[in-house]
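The file structure-v1.pdb comes next; it holds PDB, C-alpha atoms, pLDDT in the B column.
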```
ATOM      1  CA  MET A 244      15.742 -31.559  15.138  1.00 53.00           C
ATOM      2  CA  LYS A 245      13.008 -29.420  13.575  1.00 53.00           C
ATOM      3  CA  LYS A 246      11.050 -26.989  15.682  1.00 52.00           C
ATOM      4  CA  ALA A 247       7.367 -27.674  16.025  1.00 54.00           C
ATOM      5  CA  TYR A 248       5.173 -25.210  14.175  1.00 46.00           C
ATOM      6  CA  GLN A 249       3.667 -22.566  16.412  1.00 49.00           C
ATOM      7  CA  SER A 250       0.790 -20.488  15.225  1.00 44.00           C
ATOM      8  CA  PRO A 251       1.197 -16.730  15.604  1.00 46.00           C
ATOM      9  CA  GLU A 252      -0.120 -15.306  18.820  1.00 48.00           C
ATOM     10  CA  ILE A 253      -3.218 -13.173  18.633  1.00 48.00           C
ATOM     11  CA  HIS A 254      -3.437 -10.259  21.009  1.00 41.00           C
ATOM     12  CA  ARG A 255      -6.558  -8.293  21.712  1.00 45.00           C
ATOM     13  CA  VAL A 256      -5.939  -4.584  21.305  1.00 43.00           C
ATOM     14  CA  GLU A 257      -8.144  -2.027  22.951  1.00 47.00           C
ATOM     15  CA  LEU A 258      -8.796   0.872  20.614  1.00 47.00           C
ATOM     16  CA  THR A 259      -9.847   4.347  21.617  1.00 52.00           C
ATOM     17  CA  PRO A 260     -12.453   6.148  19.505  1.00 52.00           C
ATOM     18  CA  MET A 261     -11.059   8.892  17.306  1.00 55.00           C
ATOM     19  CA  PRO A 262     -11.449  12.341  18.885  1.00 55.00           C
ATOM     20  CA  ASP A 263     -13.171  14.977  16.830  1.00 56.00           C
ATOM     21  CA  ILE A 264     -10.919  15.691  13.874  1.00 59.00           C
ATOM     22  CA  ASP A 265     -11.750  17.098  10.485  1.00 60.00           C
ATOM     23  CA  LEU A 266     -10.896  14.014   8.421  1.00 56.00           C
ATOM     24  CA  ALA A 267     -11.447  15.818   5.142  1.00 55.00           C
ATOM     25  CA  ASN A 268      -8.717  18.331   5.961  1.00 63.00           C
ATOM     26  CA  ALA A 269      -6.379  16.293   8.165  1.00 66.00           C
ATOM     27  CA  SER A 270      -2.873  15.859   6.852  1.00 70.00           C
ATOM     28  CA  ASP A 271      -1.367  12.425   6.274  1.00 68.00           C
ATOM     29  CA  GLU A 272       0.933  13.092   9.237  1.00 74.00           C
ATOM     30  CA  GLU A 273      -2.008  13.819  11.567  1.00 73.00           C
ATOM     31  CA  LEU A 274      -3.835  10.677  10.449  1.00 67.00           C
ATOM     32  CA  SER A 275      -0.711   8.547  10.769  1.00 68.00           C
ATOM     33  CA  ALA A 276       0.028   9.903  14.256  1.00 71.00           C
ATOM     34  CA  ALA A 277      -3.549   9.199  15.358  1.00 68.00           C
ATOM     35  CA  MET A 278      -3.404   5.614  14.103  1.00 64.00           C
ATOM     36  CA  LYS A 279      -0.015   5.029  15.779  1.00 64.00           C
ATOM     37  CA  ALA A 280      -1.513   6.329  19.018  1.00 66.00           C
ATOM     38  CA  GLY A 281      -4.067   3.509  18.902  1.00 58.00           C
ATOM     39  CA  LEU A 282      -6.962   5.634  17.748  1.00 61.00           C
ATOM     40  CA  TYR A 283      -9.310   4.320  15.110  1.00 51.00           C
ATOM     41  CA  PHE A 284     -11.733   5.771  12.630  1.00 52.00           C
ATOM     42  CA  GLU A 285     -15.157   4.248  12.993  1.00 46.00           C
ATOM     43  CA  ASN A 286     -16.821   3.583   9.623  1.00 48.00           C
ATOM     44  CA  LYS A 287     -14.591   6.059   7.824  1.00 66.00           C
ATOM     45  CA  VAL A 288     -13.603   5.287   4.282  1.00 80.00           C
ATOM     46  CA  CYS A 289     -12.223   8.233   2.390  1.00 88.00           C
ATOM     47  CA  TYR A 290     -11.364   8.857  -1.223  1.00 91.00           C
ATOM     48  CA  GLN A 291      -8.900  11.168  -2.889  1.00 92.00           C
ATOM     49  CA  GLN A 292      -7.613  11.921  -6.362  1.00 91.00           C
ATOM     50  CA  ASN A 293      -5.049   9.623  -7.891  1.00 90.00           C
ATOM     51  CA  ARG A 294      -2.215  12.109  -8.390  1.00 88.00           C
ATOM     52  CA  GLU A 295      -1.132  10.209 -11.504  1.00 88.00           C
ATOM     53  CA  PHE A 296      -3.922  12.065 -13.351  1.00 89.00           C
ATOM     54  CA  LYS A 297      -4.556  15.719 -14.044  1.00 89.00           C
ATOM     55  CA  ILE A 298      -7.639  17.431 -15.368  1.00 88.00           C
ATOM     56  CA  CYS A 299      -7.478  19.345 -18.642  1.00 89.00           C
ATOM     57  CA  GLU A 300      -9.459  20.348 -21.713  1.00 89.00           C
ATOM     58  CA  LEU A 301      -8.871  18.352 -24.876  1.00 83.00           C
ATOM     59  CA  LEU A 302     -10.772  18.989 -28.105  1.00 86.00           C
ATOM     60  CA  GLY A 303     -13.540  20.779 -26.228  1.00 86.00           C
ATOM     61  CA  ARG A 304     -14.018  18.012 -23.639  1.00 89.00           C
ATOM     62  CA  THR A 305     -12.935  17.791 -20.019  1.00 88.00           C
ATOM     63  CA  VAL A 306     -10.640  14.825 -19.548  1.00 88.00           C
ATOM     64  CA  LEU A 307      -8.497  13.218 -16.894  1.00 86.00           C
ATOM     65  CA  MET A 308      -5.121  12.546 -18.450  1.00 85.00           C
ATOM     66  CA  PRO A 309      -2.196  10.579 -17.028  1.00 86.00           C
ATOM     67  CA  VAL A 310       0.687  12.768 -15.915  1.00 84.00           C
ATOM     68  CA  LYS A 311       3.091  10.251 -17.481  1.00 78.00           C
ATOM     69  CA  ARG A 312       2.510  10.305 -21.188  1.00 67.00           C
ATOM     70  CA  ASP A 313       4.157   7.135 -22.405  1.00 64.00           C
ATOM     71  CA  ALA A 314       2.480   4.922 -25.002  1.00 58.00           C
ATOM     72  CA  GLU A 315       0.831   2.694 -22.409  1.00 61.00           C
ATOM     73  CA  GLN A 316      -0.501   5.525 -20.238  1.00 59.00           C
ATOM     74  CA  ILE A 317      -1.810   7.810 -23.003  1.00 61.00           C
ATOM     75  CA  SER A 318      -4.592   5.310 -23.744  1.00 65.00           C
ATOM     76  CA  ARG A 319      -5.940   5.948 -20.243  1.00 73.00           C
ATOM     77  CA  ILE A 320      -7.445   9.355 -21.024  1.00 79.00           C
ATOM     78  CA  THR A 321     -10.957   9.492 -19.543  1.00 85.00           C
ATOM     79  CA  ALA A 322     -13.609  12.010 -20.608  1.00 85.00           C
ATOM     80  CA  ILE A 323     -15.754  13.298 -17.748  1.00 87.00           C
ATOM     81  CA  GLY A 324     -18.893  15.400 -17.461  1.00 89.00           C
ATOM     82  CA  ALA A 325     -19.530  18.472 -15.331  1.00 91.00           C
ATOM     83  CA  GLU A 326     -20.747  16.482 -12.319  1.00 93.00           C
ATOM     84  CA  GLU A 327     -17.706  14.187 -12.382  1.00 93.00           C
ATOM     85  CA  LYS A 328     -15.421  17.220 -12.811  1.00 92.00           C
ATOM     86  CA  PHE A 329     -16.952  18.802  -9.724  1.00 95.00           C
ATOM     87  CA  LEU A 330     -16.606  15.633  -7.635  1.00 95.00           C
ATOM     88  CA  TRP A 331     -13.061  14.880  -8.798  1.00 91.00           C
ATOM     89  CA  GLY A 332     -12.060  18.443  -7.986  1.00 93.00           C
ATOM     90  CA  LYS A 333     -13.381  18.068  -4.447  1.00 95.00           C
ATOM     91  CA  LEU A 334     -11.169  15.012  -3.985  1.00 94.00           C
ATOM     92  CA  SER A 335      -7.992  17.093  -3.943  1.00 92.00           C
ATOM     93  CA  LYS A 336      -8.453  16.511  -0.187  1.00 90.00           C
ATOM     94  CA  ARG A 337      -9.600  13.313   1.476  1.00 90.00           C
ATOM     95  CA  ARG A 338     -13.377  13.083   1.517  1.00 91.00           C
ATOM     96  CA  THR A 339     -15.914  10.502   2.622  1.00 90.00           C
ATOM     97  CA  LYS A 340     -18.828   9.487   0.432  1.00 91.00           C
ATOM     98  CA  ALA A 341     -21.094  11.448   2.783  1.00 90.00           C
ATOM     99  CA  ASP A 342     -18.925  14.540   2.215  1.00 92.00           C
ATOM    100  CA  LEU A 343     -19.281  14.145  -1.554  1.00 95.00           C
ATOM    101  CA  VAL A 344     -23.050  13.672  -1.295  1.00 94.00           C
ATOM    102  CA  ASP A 345     -23.371  16.829   0.815  1.00 94.00           C
ATOM    103  CA  LEU A 346     -21.123  18.870  -1.503  1.00 95.00           C
ATOM    104  CA  LEU A 347     -22.911  17.772  -4.677  1.00 95.00           C
ATOM    105  CA  ALA A 348     -26.340  18.287  -3.116  1.00 95.00           C
ATOM    106  CA  ALA A 349     -25.389  21.822  -2.095  1.00 94.00           C
ATOM    107  CA  GLU A 350     -23.899  22.552  -5.528  1.00 94.00           C
ATOM    108  CA  GLN A 351     -27.031  21.377  -7.332  1.00 93.00           C
ATOM    109  CA  GLY A 352     -29.568  22.611  -4.775  1.00 92.00           C
ATOM    110  CA  ARG A 353     -30.964  19.098  -4.305  1.00 91.00           C
ATOM    111  CA  GLU A 354     -31.447  16.780  -1.334  1.00 89.00           C
ATOM    112  CA  GLY A 355     -28.645  14.421  -0.370  1.00 85.00           C
ATOM    113  CA  ARG A 356     -30.715  11.322  -1.106  1.00 87.00           C
ATOM    114  CA  ALA A 357     -31.376  12.633  -4.608  1.00 87.00           C
ATOM    115  CA  VAL A 358     -27.664  12.764  -5.485  1.00 93.00           C
ATOM    116  CA  GLU A 359     -26.435   9.721  -3.550  1.00 92.00           C
ATOM    117  CA  ALA A 360     -26.895   7.371  -6.526  1.00 92.00           C
ATOM    118  CA  ASP A 361     -24.872   9.768  -8.710  1.00 93.00           C
ATOM    119  CA  VAL A 362     -22.062   9.845  -6.156  1.00 94.00           C
ATOM    120  CA  ASN A 363     -22.096   6.035  -5.831  1.00 92.00           C
ATOM    121  CA  LYS A 364     -21.885   5.693  -9.621  1.00 92.00           C
ATOM    122  CA  PHE A 365     -19.002   8.186  -9.785  1.00 92.00           C
ATOM    123  CA  ILE A 366     -17.063   6.435  -7.016  1.00 92.00           C
ATOM    124  CA  LYS A 367     -17.535   2.996  -8.575  1.00 90.00           C
ATOM    125  CA  LYS A 368     -16.437   4.140 -12.043  1.00 90.00           C
ATOM    126  CA  ALA A 369     -13.553   6.259 -10.765  1.00 90.00           C
ATOM    127  CA  ILE A 370     -12.149   3.391  -8.687  1.00 89.00           C
ATOM    128  CA  GLU A 371     -12.468   0.980 -11.634  1.00 87.00           C
ATOM    129  CA  GLU A 372     -10.562   3.466 -13.817  1.00 86.00           C
ATOM    130  CA  ASN A 373      -8.011   4.105 -11.008  1.00 87.00           C
ATOM    131  CA  LEU A 374      -8.876   7.828 -11.078  1.00 89.00           C
ATOM    132  CA  ILE A 375      -9.410   7.976  -7.323  1.00 90.00           C
ATOM    133  CA  ILE A 376      -7.873   6.096  -4.438  1.00 89.00           C
ATOM    134  CA  ARG A 377      -9.778   4.531  -1.566  1.00 84.00           C
ATOM    135  CA  CYS A 378      -8.257   5.356   1.789  1.00 81.00           C
ATOM    136  CA  ASP A 379      -9.398   3.021   4.546  1.00 64.00           C
ATOM    137  CA  MET A 380      -8.842   4.702   7.882  1.00 54.00           C
ATOM    138  CA  LYS A 381      -9.258   1.989  10.469  1.00 44.00           C
TER
END
```

Here is a file; write its structure as structure tokens.
Amino acid sequence: MKKAYQSPEIHRVELTPMPDIDLANASDEELSAAMKAGLYFENKVCYQQNREFKICELLGRTVLMPVKRDAEQISRITAIGAEEKFLWGKLSKRRTKADLVDLLAAEQGREGRAVEADVNKFIKKAIEENLIIRCDMK
């Protein structure tokens, strides 16, 4: 006789707010331990470099080039400007969009609101090109 289908049980989990931690500089181990402990990151989405790419100069232009240089990957070379180079360099560590806005604003001596559109454009393009990785931390 077949067993009757039972829907999976849903349990409510009480989450504790994340204590003060420097998310931009936290190691993967620290973040993993915090999540396993039932802590959560409220409204924290971070980005970091896709380690499959490295930055280099090619024919007088700054490019992001795949580390693997097979025929399929070599077509993925992406030329970037000075602003994108700066932002990509800052993503060697996990950073939020707010972090990037603050860093770029400070670098250019402008207000955060003035550079936010530039950061949004960079993030959108870099994710589409798989140059950066989105790290949801909930």

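Between CA of Val344 in chain A and CA of Val362 in chain A there is a distance of 6.3 Å.
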
(message) Neighbouring residues of range 319-335 of chain A were defined as those with any atom within 6 Å, considering all atoms listed in the file; residues of the same chain fewer than 5 positions away were excluded. Please report them as a VMD selection string.
(response) chain A and resid 291 to 292 305 to 308

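The space between CA of Ala349 in chain A and CA of Gly303 in chain A spans 26.9 Å.
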
Edge lengths and centre in Å to one decimal, as lines of an AutoDock Vina configuration file, is what I'm after for the box along x, y and z that holds all listed atoms of range 297-302 of chain A once 4 Å is added on each side.
```
center_x = -7.7
center_y = 18.0
center_z = -21.1
size_x = 14.2
size_y = 12.6
size_z = 22.1
```

(request) Excluding range 353-358 of chain A and residues on its chain fewer than 3 positions from it, collect all residues at most 12 Å away from it, counting all atoms listed in the file, and give them as JSON, numbers by chain. (result) {"A": [326, 330, 340, 341, 342, 343, 344, 345, 346, 347, 348, 349, 350, 361, 362, 363, 364, 365]}

(request) Pull the neighbourhood of (-1.4, 13.1, -15.7) for me: all residues within 8 Å in file coordinates, counting only C-alpha atoms, as an NGL selection string. (result) :A and (294-298 or 307-312)

(message) Quick check, in Å to one decimal: how far apart do CA of Arg338 in chain A and CA of Glu300 in chain A lie?
(response) 24.7 Å
